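Source file: structure-v8.txt (compact mmCIF, C-alpha atoms (C1' of nucleotides))
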```txt
# COMPACT_ATOMS: atom_id res chain seq x y z
CA MET A 167 6.15 4.06 31.71
CA THR A 168 4.58 0.77 30.80
CA THR A 169 2.72 2.77 28.20
CA ALA A 170 5.94 3.94 26.63
CA ILE A 171 7.12 0.36 26.24
CA ALA A 172 3.80 -0.60 24.73
CA ARG A 173 4.07 2.34 22.37
CA ARG A 174 7.56 1.29 21.35
CA ASP A 175 6.37 -2.26 20.73
CA ALA A 176 3.47 -0.97 18.70
CA ILE A 177 5.85 1.07 16.58
CA ALA A 178 8.16 -1.93 16.11
CA ASP A 179 5.15 -4.03 15.10
CA ALA A 180 4.15 -1.39 12.60
CA ALA A 181 7.72 -1.42 11.30
CA ILE A 182 7.47 -5.18 10.77
CA ALA A 183 4.22 -4.79 8.88
CA THR A 184 5.64 -1.96 6.79
CA LEU A 185 8.76 -3.97 6.03
CA ALA A 186 6.68 -6.92 4.86
CA ARG A 187 4.44 -4.74 2.73
CA ASP A 188 6.85 -2.22 1.23
CA GLY A 189 10.31 -3.63 1.84
CA MET A 190 13.41 -1.95 3.17
CA ARG A 191 12.92 0.91 0.77
CA GLY A 192 9.45 1.64 2.07
CA LEU A 193 10.50 1.60 5.69
CA THR A 194 10.49 5.28 6.58
CA HIS A 195 9.52 7.02 9.79
CA ARG A 196 6.49 8.49 8.11
CA ALA A 197 5.33 5.17 6.68
CA VAL A 198 5.62 3.54 10.08
CA ASP A 199 3.63 6.34 11.67
CA LYS A 200 0.90 5.84 9.14
CA THR A 201 0.83 2.05 9.56
CA ALA A 202 0.73 2.38 13.33
CA GLY A 203 -2.06 4.95 13.08
CA LEU A 204 0.00 7.44 15.03
CA ALA A 205 0.65 11.08 14.38
CA GLU A 206 3.49 12.00 12.05
CA GLY A 207 6.69 12.29 13.97
CA SER A 208 5.85 9.64 16.57
CA SER A 209 8.22 6.94 15.41
CA SER A 210 10.81 9.61 14.75
CA TYR A 211 10.44 10.70 18.36
CA TYR A 212 10.78 7.24 19.87
CA PHE A 213 13.53 6.15 17.52
CA ARG A 214 15.42 9.25 16.51
CA THR A 215 17.43 7.61 13.73
CA ARG A 216 16.53 5.00 11.17
CA GLN A 217 19.23 2.77 12.54
CA ALA A 218 17.56 2.87 15.96
CA LEU A 219 14.25 1.97 14.39
CA LEU A 220 15.82 -1.00 12.62
CA GLU A 221 17.47 -2.23 15.79
CA ALA A 222 14.20 -2.02 17.67
CA THR A 223 12.52 -3.95 14.90
CA VAL A 224 14.94 -6.89 14.95
CA GLN A 225 14.76 -7.00 18.71
CA ARG A 226 10.99 -7.08 18.55
CA LEU A 227 11.21 -9.85 15.99
CA ALA A 228 13.52 -11.85 18.23
CA ALA A 229 11.19 -11.35 21.18
CA LEU A 230 8.20 -12.55 19.17
CA ASP A 231 10.06 -15.66 18.03
CA GLU A 232 11.21 -16.30 21.55
CA ASP A 233 7.59 -16.68 22.58
CA LEU A 234 7.35 -19.46 20.04
CA ILE A 235 10.60 -21.20 20.95
CA ALA A 236 10.39 -21.09 24.72
CA PRO A 237 7.51 -23.57 25.14
CA ILE A 238 9.34 -26.15 23.02
CA THR A 239 12.61 -26.18 24.92
CA GLY A 240 11.15 -28.21 27.75
CA LEU A 241 10.49 -31.37 25.80
CA PRO A 242 11.18 -34.92 26.93
CA ALA A 243 14.66 -36.38 26.51
CA ARG A 244 13.43 -38.96 24.07
CA LEU A 245 11.35 -38.18 21.05
CA ARG A 246 9.95 -40.24 18.23
CA ALA A 247 10.99 -39.11 14.76
CA GLU A 248 7.34 -38.89 13.73
CA ASP A 249 6.51 -36.55 16.59
CA LEU A 250 9.46 -34.36 15.76
CA ALA A 251 8.41 -34.19 12.13
CA GLU A 252 4.91 -33.24 13.20
CA LEU A 253 6.23 -30.50 15.45
CA MET A 254 8.44 -29.04 12.73
CA THR A 255 5.65 -29.21 10.18
CA GLY A 256 3.50 -27.18 12.54
CA ILE A 257 6.17 -24.53 12.91
CA VAL A 258 6.66 -24.27 9.18
CA GLU A 259 2.94 -24.12 8.55
CA LEU A 260 2.58 -21.29 11.04
CA ALA A 261 5.46 -19.43 9.42
CA VAL A 262 4.07 -19.55 5.91
CA THR A 263 0.49 -18.66 6.88
CA GLU A 264 -0.23 -16.55 9.95
CA GLN A 265 3.33 -15.40 10.46
CA ARG A 266 4.19 -14.79 6.84
CA GLU A 267 4.53 -11.07 7.47
CA ARG A 268 6.95 -11.54 10.31
CA HIS A 269 9.18 -13.81 8.30
CA LEU A 270 9.20 -11.54 5.28
CA ALA A 271 10.43 -8.81 7.61
CA ARG A 272 13.02 -11.21 8.97
CA TYR A 273 14.40 -11.93 5.52
CA GLU A 274 14.56 -8.22 4.76
CA LEU A 275 16.43 -7.62 7.97
CA ALA A 276 18.74 -10.58 7.41
CA LEU A 277 19.89 -9.00 4.18
CA GLU A 278 20.19 -5.59 5.81
CA ALA A 279 22.25 -7.16 8.60
CA THR A 280 24.87 -7.90 5.97
CA ARG A 281 25.66 -4.20 6.16
CA ARG A 282 24.78 -3.39 9.78
CA PRO A 283 26.70 -5.20 12.51
CA GLU A 284 24.26 -4.09 15.21
CA LEU A 285 21.43 -5.95 13.49
CA ARG A 286 23.66 -8.90 12.81
CA THR A 287 24.41 -9.66 16.45
CA THR A 288 20.73 -9.83 17.33
CA LEU A 289 19.88 -11.97 14.33
CA ILE A 290 22.82 -14.27 14.97
CA GLY A 291 21.56 -14.76 18.49
CA LEU A 292 18.12 -15.65 17.21
CA GLY A 293 19.56 -18.05 14.66
CA LYS A 294 21.67 -19.73 17.29
CA ARG A 295 18.59 -20.14 19.45
CA TYR A 296 16.91 -22.12 16.69
CA ARG A 297 20.00 -24.18 15.96
CA VAL A 298 20.57 -25.16 19.58
CA LEU A 299 16.95 -26.17 19.79
CA ALA A 300 17.22 -28.26 16.65
CA VAL A 301 20.33 -30.00 17.92
CA ALA A 302 18.58 -30.86 21.17
CA LEU A 303 15.51 -32.16 19.39
CA LEU A 304 17.51 -34.24 16.94
CA THR A 305 19.56 -35.63 19.79
CA ALA A 306 16.38 -36.61 21.59
CA ALA A 307 15.20 -38.29 18.40
CA GLY A 308 18.46 -40.21 18.09
CA ALA A 309 20.10 -38.52 15.13
CA THR A 310 23.48 -39.79 13.96
CA ASP A 311 25.28 -36.43 13.97
CA PRO A 312 23.00 -33.84 15.58
CA ASP A 313 25.62 -31.11 15.90
CA ARG A 314 25.87 -30.88 12.14
CA GLN A 315 22.37 -32.01 11.26
CA GLY A 316 20.65 -29.55 13.60
CA PRO A 317 21.90 -26.40 11.87
CA ASP A 318 21.39 -28.11 8.51
CA LEU A 319 17.80 -28.89 9.35
CA VAL A 320 17.12 -25.29 10.38
CA ALA A 321 18.66 -24.06 7.13
CA CYS A 322 16.65 -26.51 5.03
CA LEU A 323 13.38 -25.66 6.74
CA ASP A 324 14.14 -21.99 6.28
CA GLY A 325 14.76 -22.65 2.61
CA LEU A 326 11.43 -24.43 2.27
CA MET A 327 9.75 -21.55 4.08
CA PHE A 328 11.43 -18.94 1.93
CA ASP A 329 10.21 -20.73 -1.15
CA SER A 330 6.63 -20.81 0.09
CA ILE A 331 6.71 -17.24 1.36
CA VAL A 332 8.27 -15.43 -1.59
CA GLY A 333 7.83 -17.96 -4.37
CA VAL A 334 4.72 -19.01 -6.12
CA ARG A 335 4.56 -22.48 -4.74
CA GLU A 336 1.39 -22.62 -2.76
CA TYR A 337 1.68 -24.30 0.57
CA ASP A 338 0.70 -27.97 0.70
CA ARG A 339 0.63 -29.45 4.16
CA ILE A 340 0.71 -33.08 3.08
CA ALA A 341 3.71 -32.65 0.80
CA THR A 342 5.50 -30.50 3.35
CA ARG A 343 4.87 -33.05 6.07
CA ARG A 344 6.33 -35.77 3.88
CA SER A 345 9.38 -33.71 2.94
CA ILE A 346 10.15 -32.83 6.54
CA GLY A 347 9.62 -36.44 7.54
CA GLU A 348 12.21 -37.44 4.97
CA LEU A 349 14.69 -34.87 6.22
CA ILE A 350 14.37 -36.06 9.79
CA ALA A 351 14.41 -39.72 8.85
CA ALA A 352 17.64 -39.09 6.97
CA ALA A 353 19.17 -37.55 10.07
CA VAL A 354 17.99 -40.27 12.41
CA SER A 355 18.71 -43.36 10.35
CA GLY A 356 21.28 -41.66 8.17
CA THR A 357 24.23 -43.42 6.66
CA PRO A 358 26.67 -43.56 9.51
CA ASP A 359 29.96 -42.17 8.39
CA MET B 83 24.58 -1.55 -31.62
CA THR B 84 26.42 -4.41 -30.00
CA THR B 85 27.99 -1.70 -27.88
CA ALA B 86 24.60 -0.62 -26.61
CA ILE B 87 23.83 -4.15 -25.47
CA ALA B 88 27.21 -4.40 -23.80
CA ARG B 89 26.56 -1.08 -22.12
CA ARG B 90 23.21 -2.28 -20.86
CA ASP B 91 24.76 -5.47 -19.53
CA ALA B 92 27.48 -3.46 -17.83
CA ILE B 93 24.84 -1.29 -16.16
CA ALA B 94 22.89 -4.35 -15.06
CA ASP B 95 26.08 -5.86 -13.66
CA ALA B 96 26.74 -2.66 -11.77
CA ALA B 97 23.17 -2.81 -10.47
CA ILE B 98 23.81 -6.33 -9.18
CA ALA B 99 26.98 -5.20 -7.43
CA THR B 100 25.21 -2.17 -5.97
CA LEU B 101 22.35 -4.33 -4.79
CA ALA B 102 24.71 -6.72 -3.04
CA ARG B 103 26.66 -3.91 -1.42
CA ASP B 104 23.96 -1.42 -0.45
CA GLY B 105 20.70 -3.30 -0.73
CA MET B 106 17.44 -2.31 -2.37
CA ARG B 107 17.57 1.03 -0.61
CA GLY B 108 20.93 1.88 -2.07
CA LEU B 109 19.94 0.98 -5.60
CA THR B 110 19.57 4.38 -7.26
CA HIS B 111 20.40 5.50 -10.74
CA ARG B 112 23.24 7.62 -9.41
CA ALA B 113 24.73 4.81 -7.33
CA VAL B 114 24.67 2.48 -10.34
CA ASP B 115 26.37 5.11 -12.49
CA LYS B 116 29.11 5.45 -9.91
CA THR B 117 29.59 1.69 -9.54
CA ALA B 118 29.72 1.24 -13.29
CA GLY B 119 32.20 4.07 -13.60
CA LEU B 120 29.91 5.89 -16.01
CA ALA B 121 28.87 9.51 -16.10
CA GLU B 122 25.88 10.57 -14.03
CA GLY B 123 22.71 10.08 -16.00
CA SER B 124 23.90 7.05 -17.95
CA SER B 125 21.82 4.40 -16.22
CA SER B 126 18.94 6.85 -16.10
CA TYR B 127 19.21 7.16 -19.86
CA TYR B 128 19.30 3.44 -20.61
CA PHE B 129 16.65 2.58 -18.05
CA ARG B 130 14.43 5.60 -17.70
CA THR B 131 12.58 4.37 -14.64
CA ARG B 132 13.73 2.47 -11.61
CA GLN B 133 11.30 -0.28 -12.46
CA ALA B 134 12.99 -0.72 -15.85
CA LEU B 135 16.37 -0.90 -14.14
CA LEU B 136 15.09 -3.59 -11.78
CA GLU B 137 13.63 -5.62 -14.62
CA ALA B 138 16.90 -5.46 -16.54
CA THR B 139 18.73 -6.56 -13.43
CA VAL B 140 16.65 -9.70 -12.86
CA GLN B 141 16.91 -10.56 -16.51
CA ARG B 142 20.66 -10.19 -16.38
CA LEU B 143 20.68 -12.38 -13.30
CA ALA B 144 18.65 -15.03 -15.05
CA ALA B 145 20.95 -14.91 -18.06
CA LEU B 146 24.04 -15.34 -15.88
CA ASP B 147 22.50 -18.31 -14.11
CA GLU B 148 21.47 -19.81 -17.40
CA ASP B 149 25.13 -19.99 -18.38
CA LEU B 150 25.63 -22.15 -15.33
CA ILE B 151 22.60 -24.36 -15.83
CA ALA B 152 22.86 -25.02 -19.54
CA PRO B 153 25.98 -27.21 -19.48
CA ILE B 154 24.42 -29.47 -16.85
CA THR B 155 21.20 -30.25 -18.68
CA GLY B 156 22.91 -32.64 -21.07
CA LEU B 157 23.86 -35.21 -18.50
CA PRO B 158 23.57 -39.00 -18.86
CA ALA B 159 20.29 -40.70 -18.14
CA ARG B 160 21.76 -42.59 -15.22
CA LEU B 161 23.69 -40.97 -12.46
CA ARG B 162 25.28 -42.24 -9.28
CA ALA B 163 24.07 -40.55 -6.12
CA GLU B 164 27.67 -39.72 -5.21
CA ASP B 165 28.27 -37.95 -8.49
CA LEU B 166 25.08 -35.96 -8.09
CA ALA B 167 26.07 -34.95 -4.59
CA GLU B 168 29.46 -33.87 -5.87
CA LEU B 169 27.86 -31.80 -8.61
CA MET B 170 25.49 -30.06 -6.22
CA THR B 171 28.24 -29.39 -3.73
CA GLY B 172 30.19 -27.68 -6.46
CA ILE B 173 27.25 -25.48 -7.35
CA VAL B 174 26.69 -24.49 -3.74
CA GLU B 175 30.36 -23.82 -3.19
CA LEU B 176 30.45 -21.54 -6.20
CA ALA B 177 27.36 -19.72 -4.98
CA VAL B 178 28.71 -18.95 -1.52
CA THR B 179 32.17 -17.90 -2.68
CA GLU B 180 32.71 -16.39 -6.13
CA GLN B 181 29.05 -15.78 -6.81
CA ARG B 182 28.09 -14.52 -3.38
CA GLU B 183 27.35 -11.06 -4.76
CA ARG B 184 25.04 -12.38 -7.42
CA HIS B 185 23.02 -14.42 -4.98
CA LEU B 186 22.73 -11.59 -2.49
CA ALA B 187 21.24 -9.56 -5.31
CA ARG B 188 18.94 -12.45 -6.13
CA TYR B 189 17.60 -12.58 -2.59
CA GLU B 190 17.03 -8.84 -2.61
CA LEU B 191 15.14 -9.13 -5.86
CA ALA B 192 13.17 -12.14 -4.68
CA LEU B 193 11.81 -10.07 -1.83
CA GLU B 194 11.14 -7.13 -4.11
CA ALA B 195 9.32 -9.46 -6.51
CA THR B 196 6.75 -9.91 -3.75
CA ARG B 197 5.55 -6.46 -4.71
CA ARG B 198 6.41 -6.32 -8.42
CA PRO B 199 4.74 -8.86 -10.70
CA GLU B 200 7.09 -8.05 -13.59
CA LEU B 201 10.06 -9.20 -11.56
CA ARG B 202 8.15 -12.19 -10.27
CA THR B 203 7.56 -13.73 -13.69
CA THR B 204 11.26 -13.68 -14.52
CA LEU B 205 12.29 -15.06 -11.16
CA ILE B 206 9.63 -17.73 -11.30
CA GLY B 207 10.98 -18.80 -14.67
CA LEU B 208 14.47 -19.03 -13.25
CA GLY B 209 13.27 -21.00 -10.25
CA LYS B 210 11.40 -23.40 -12.47
CA ARG B 211 14.53 -23.92 -14.52
CA TYR B 212 16.37 -25.09 -11.41
CA ARG B 213 13.51 -27.26 -10.25
CA VAL B 214 13.08 -29.02 -13.58
CA LEU B 215 16.80 -29.67 -13.64
CA ALA B 216 16.72 -31.07 -10.11
CA VAL B 217 13.82 -33.36 -10.99
CA ALA B 218 15.71 -34.67 -14.01
CA LEU B 219 18.87 -35.24 -12.02
CA LEU B 220 17.08 -36.98 -9.18
CA THR B 221 15.23 -39.14 -11.68
CA ALA B 222 18.53 -40.12 -13.25
CA ALA B 223 19.84 -40.97 -9.80
CA GLY B 224 16.81 -43.12 -9.08
CA ALA B 225 14.95 -41.06 -6.51
CA THR B 226 11.72 -42.42 -5.07
CA ASP B 227 9.55 -39.33 -5.74
CA PRO B 228 11.58 -36.90 -7.88
CA ASP B 229 8.68 -34.59 -8.72
CA ARG B 230 8.35 -33.63 -5.09
CA GLN B 231 11.93 -34.16 -4.03
CA GLY B 232 13.40 -32.07 -6.83
CA PRO B 233 11.81 -28.79 -5.78
CA ASP B 234 12.46 -29.71 -2.14
CA LEU B 235 16.12 -30.24 -2.84
CA VAL B 236 16.40 -26.89 -4.58
CA ALA B 237 14.70 -25.19 -1.65
CA CYS B 238 16.93 -26.92 0.89
CA LEU B 239 20.11 -26.08 -0.98
CA ASP B 240 18.95 -22.50 -1.28
CA GLY B 241 18.37 -22.47 2.46
CA LEU B 242 21.87 -23.76 3.13
CA MET B 243 23.24 -21.16 0.75
CA PHE B 244 21.27 -18.35 2.33
CA ASP B 245 22.66 -19.32 5.69
CA SER B 246 26.23 -19.27 4.46
CA ILE B 247 25.78 -16.08 2.50
CA VAL B 248 24.01 -13.86 5.01
CA GLY B 249 24.64 -15.74 8.26
CA VAL B 250 27.80 -16.09 10.21
CA ARG B 251 28.36 -19.72 9.51
CA GLU B 252 31.57 -19.87 7.56
CA TYR B 253 31.49 -22.23 4.64
CA ASP B 254 32.90 -25.71 5.25
CA ARG B 255 33.16 -27.87 2.16
CA ILE B 256 33.48 -31.19 3.96
CA ALA B 257 30.41 -30.63 6.13
CA THR B 258 28.43 -29.25 3.21
CA ARG B 259 29.38 -32.21 1.07
CA ARG B 260 28.19 -34.58 3.77
CA SER B 261 24.93 -32.71 4.31
CA ILE B 262 24.11 -32.67 0.62
CA GLY B 263 25.03 -36.34 0.37
CA GLU B 264 22.54 -37.05 3.12
CA LEU B 265 19.82 -35.07 1.40
CA ILE B 266 20.30 -36.94 -1.84
CA ALA B 267 20.65 -40.30 -0.17
CA ALA B 268 17.35 -39.64 1.58
CA ALA B 269 15.69 -38.97 -1.76
CA VAL B 270 17.20 -41.97 -3.49
CA SER B 271 16.80 -44.61 -0.86
CA GLY B 272 14.01 -42.80 0.92
CA THR B 273 11.28 -44.50 2.85
CA PRO B 274 8.89 -45.50 0.11
CA ASP B 275 5.45 -44.31 0.98
C1' DT C 214 -4.74 27.77 41.59
C1' DC C 215 -0.23 28.11 40.01
C1' DG C 216 4.03 26.64 38.22
C1' DC C 217 6.78 22.96 36.45
C1' DC C 218 7.95 19.09 33.97
C1' DT C 219 7.27 15.24 30.90
C1' DC C 220 5.56 13.54 26.80
C1' DC C 221 4.03 14.07 22.27
C1' DT C 222 2.97 16.37 17.85
C1' DC C 223 3.95 19.49 14.42
C1' DT C 224 7.04 21.85 11.59
C1' DA C 225 11.45 23.09 9.37
C1' DC C 226 15.22 22.12 6.55
C1' DA C 227 19.04 20.16 4.19
C1' DT C 228 19.72 16.34 1.41
C1' DC C 229 18.66 12.71 -1.69
C1' DT C 230 15.94 10.49 -5.44
C1' DG C 231 13.19 9.63 -9.66
C1' DT C 232 12.29 11.33 -13.82
C1' DA C 233 12.49 13.90 -17.92
C1' DG C 234 14.04 17.65 -20.91
C1' DT C 235 17.83 19.80 -23.42
C1' DA C 236 22.05 20.35 -25.60
C1' DG C 237 25.94 18.68 -27.68
C1' DA C 238 28.88 14.83 -29.71
C1' DA C 239 29.46 11.17 -32.96
C1' DC C 240 28.19 9.21 -36.97
C1' DA C 241 26.13 8.13 -41.57
C1' DC C 242 24.84 9.59 -45.88
C1' DT C 243 24.72 12.68 -49.78
C1' DA D 135 31.85 19.58 -46.47
C1' DG D 136 27.07 19.82 -45.19
C1' DT D 137 23.11 18.00 -43.08
C1' DG D 138 20.22 15.20 -40.56
C1' DT D 139 19.87 11.56 -37.07
C1' DT D 140 20.99 8.86 -33.23
C1' DC D 141 23.35 8.34 -28.97
C1' DT D 142 25.03 10.20 -24.69
C1' DA D 143 25.65 13.30 -20.82
C1' DC D 144 24.37 17.15 -18.08
C1' DT D 145 20.88 19.74 -15.69
C1' DA D 146 16.46 20.90 -13.64
C1' DC D 147 12.83 20.13 -10.64
C1' DA D 148 9.21 18.29 -7.87
C1' DG D 149 8.64 15.31 -4.29
C1' DA D 150 10.24 12.33 -0.54
C1' DT D 151 13.26 11.40 3.48
C1' DG D 152 16.15 11.66 7.82
C1' DT D 153 16.70 14.28 11.54
C1' DA D 154 16.06 17.51 15.09
C1' DG D 155 14.09 21.43 17.41
C1' DA D 156 9.99 24.36 18.92
C1' DG D 157 5.78 24.54 20.98
C1' DG D 158 1.88 22.95 23.44
C1' DA D 159 -1.15 19.67 26.01
C1' DG D 160 -1.77 17.50 30.15
C1' DG D 161 -0.62 15.76 34.53
C1' DC D 162 1.61 16.33 39.22
C1' DG D 163 3.11 18.49 43.29
C1' DA D 164 2.85 22.57 46.18
```

Please rewrite the model in this file as C-alpha cells.
Amino acid sequence: MTTAIARRDAIADAAIATLARDGMRGLTHRAVDKTAGLAEGSSSYYFRTRQALLEATVQRLAALDEDLIAPITGLPARLRAEDLAELMTGIVELAVTEQRERHLARYELALEATRRPELRTTLIGLGKRYRVLAVALLTAAGATDPDRQGPDLVACLDGLMFDSIVGVREYDRIATRRSIGELIAAAVSGTPD
Amino acid sequence: MTTAIARRDAIADAAIATLARDGMRGLTHRAVDKTAGLAEGSSSYYFRTRQALLEATVQRLAALDEDLIAPITGLPARLRAEDLAELMTGIVELAVTEQRERHLARYELALEATRRPELRTTLIGLGKRYRVLAVALLTAAGATDPDRQGPDLVACLDGLMFDSIVGVREYDRIATRRSIGELIAAAVSGTPD
DNA sequence: TCGCCTCCTCTACATCTGTAGTAGAACACT
DNA sequence: AGTGTTCTACTACAGATGTAGAGGAGGCGA
C-alpha cells in the first residue's frame, strides 16, 4: 500500500513538471505518464478523471510547501528586522531557482482554481498558511499593523517572484535583498496611522 | 478595410473574454467564435493558427493597456507621494474590478509566454512600459533609488492585484490605499544605503 | 499446485481540436 | 449587366484527448 501512495505522489510530481513545462493545455493523462516514465494509462488508472488529477496535484503542491513552512513556524517571539529580511530573501531565492517549476505549476493552478472550487479550497488553505506565518513573523519583528502588512508582504513577495519566474528580469540576490529589506523596514518603522 | 480591423479587434476581445472565463485550455477557435457571436470558422479565418490568435490577443491586450498608460506619462516633474499613491490605488482598483477579465487573460498569457517567444517579446514590451513609467513617477516623487524601486513597485502592485483577482481576498479600497501608501513612502523616505 | 484476487497495462471509442480547402456572397470595375 | 476579385462561412479530416473497460501478470492463501 505504501507503494501505491508513492506511485500517486510520483504521478502528482510528474503532473507538476508537466504543468510547468507545457502549461494547463499540455496537462493530459498521456503526457503525465510519459513524464513519469510510466506506461500509458497509469495516471488515468490512479486518477480516473482530469479533475481528480488536478486535485491531487494541488494537494501535492500544498504538501511540498508545507515541508518548507513547518520548520519556520517555531521561531523565537522576537526577531530582528534584518534577520526576517534575510529569511524571506532565502525563501524567494529558493522559489525562483530550484523551485521555479513548482511555482510555475502553482500559478497555473491558481488561475485554474478560478474555475474549479475544489482546487480553490486547497489553494486558499495554502495561502492562508503563508499569511498567518507572515503575520506572526512581522509581529515578532515589531510591525505597526501586522494583520494587514502580513498578507500584503506575502502578496508583494509573490509579485516579485512572479516577475522573476515568468518575466525576463534575471534574479539578482543583492537587489532582491535590498528590496525585501525595504518592504520589511516599512512595515516595522512604518508611518503610524 | 476598417471593418476588417474592427473584426479582428472584436475577435481578440472575444479571445480575452474566453481566456478569462475558460483559461488557456478553453481557448479554441470555436469557443472564440461563439463568444464573439460570429459564425463558426470566423476566428479560424482571420487567425489561421492558434499561435496567430494568441499573438493577436497579447497585442490587443497591450494596446488596451496603452490607452491607460498614455494619459499618465505627461505628468508634472514633481509629484507629492500622496498623489502618487492615490494614482496607483486608482489603477489597482480598476484592475481588480472593471478590468479583472483583462488581467486574468494577461496572467494566462504571461504563463504561456514562458513557452512562446513571440508572446514574450510583446509582453516584455508592455512590462517595460509600466516599469519605465513607475521609475519616472517615483523620480518625480523623490524616491531614493527609483531605478530599482520602480520595477519593484510594479511587481508588488501586480502581486497585490493577483491576490485580489484570483484569491479570495475581497478588495478593500481603504486597506489597499494604505498599503500602497506605505510602499511609496518606503521608496521616498527609504533608508538611504 | 491450484484457484482467487488485486493491481496494472493496454486498448477502444466517442468527442473535441487545429488546420486548411472549397464554395458562395459581396463588391468593384468595365 | 457581366466579369473578376476579395471576403466570409461552411465543411472535411487527421490527430489528440478523456474516460472506462477488458485482459493479464503476479502474488497470496489453501

- Task: Could you list, as a list of chain:residue names, the residues of chain A having an atom within 10 Å of chain C when counting all atoms listed in the file?
- Result: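 Listing them in order of chain and number gives A:Ala170, A:Leu204, A:Ala205, A:Glu206, A:Gly207, A:Ser208, A:Tyr211, A:Tyr212.
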
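Pairwise distance (atom CA of B:Leu166, atom CA of B:Ala152) equals 16.0 Å.
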
- Between atom CA of A:Leu241 and atom CA of A:Arg343 - distance in Å to one decimal: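 Computing the Euclidean distance for atom CA of A:Arg343 and atom CA of A:Leu241 yields 20.6 Å.
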
Residues of chain A within 9 Å of chain D: nearest atom pair and distance (Å, one decimal) for each, counting all atoms listed in the file, sorted by chain and number, as CSV?
```
residue,atom,partner,partner_atom,distance
A:Thr194,CA,D:DT151,C1',7.4
A:His195,CA,D:DG152,C1',8.3
A:Arg196,CA,D:DT151,C1',8.7
A:Ser210,CA,D:DT153,C1',8.2
A:Arg214,CA,D:DT153,C1',7.2
A:Thr215,CA,D:DT153,C1',7.1
A:Arg216,CA,D:DG152,C1',7.5
```

Return as a tab-separated table the residues of chain A lying at most 6 Å from chain B, together with the closest atom-to-atom pair for each and the distance in Å to one decimal, counting all atoms listed in the file, with rows in chain order and ascending residue number.
```
residue	atom	partner	partner_atom	distance
A:Arg191	CA	B:Arg107	CA	4.9
A:Ala321	CA	B:Gly241	CA	4.9
A:Cys322	CA	B:Cys238	CA	4.2
A:Asp324	CA	B:Gly241	CA	5.7
A:Gly325	CA	B:Gly241	CA	3.6
A:Leu326	CA	B:Ala237	CA	5.2
A:Ala352	CA	B:Ala268	CA	5.4
```

- Item | Non-local contacts of B:Gly119 (10 Å; only C-alpha atoms (C1' of nucleotides); under 6 positions in same chain excluded) as a PyMOL selection string | chain B and resi 92-93+96+113
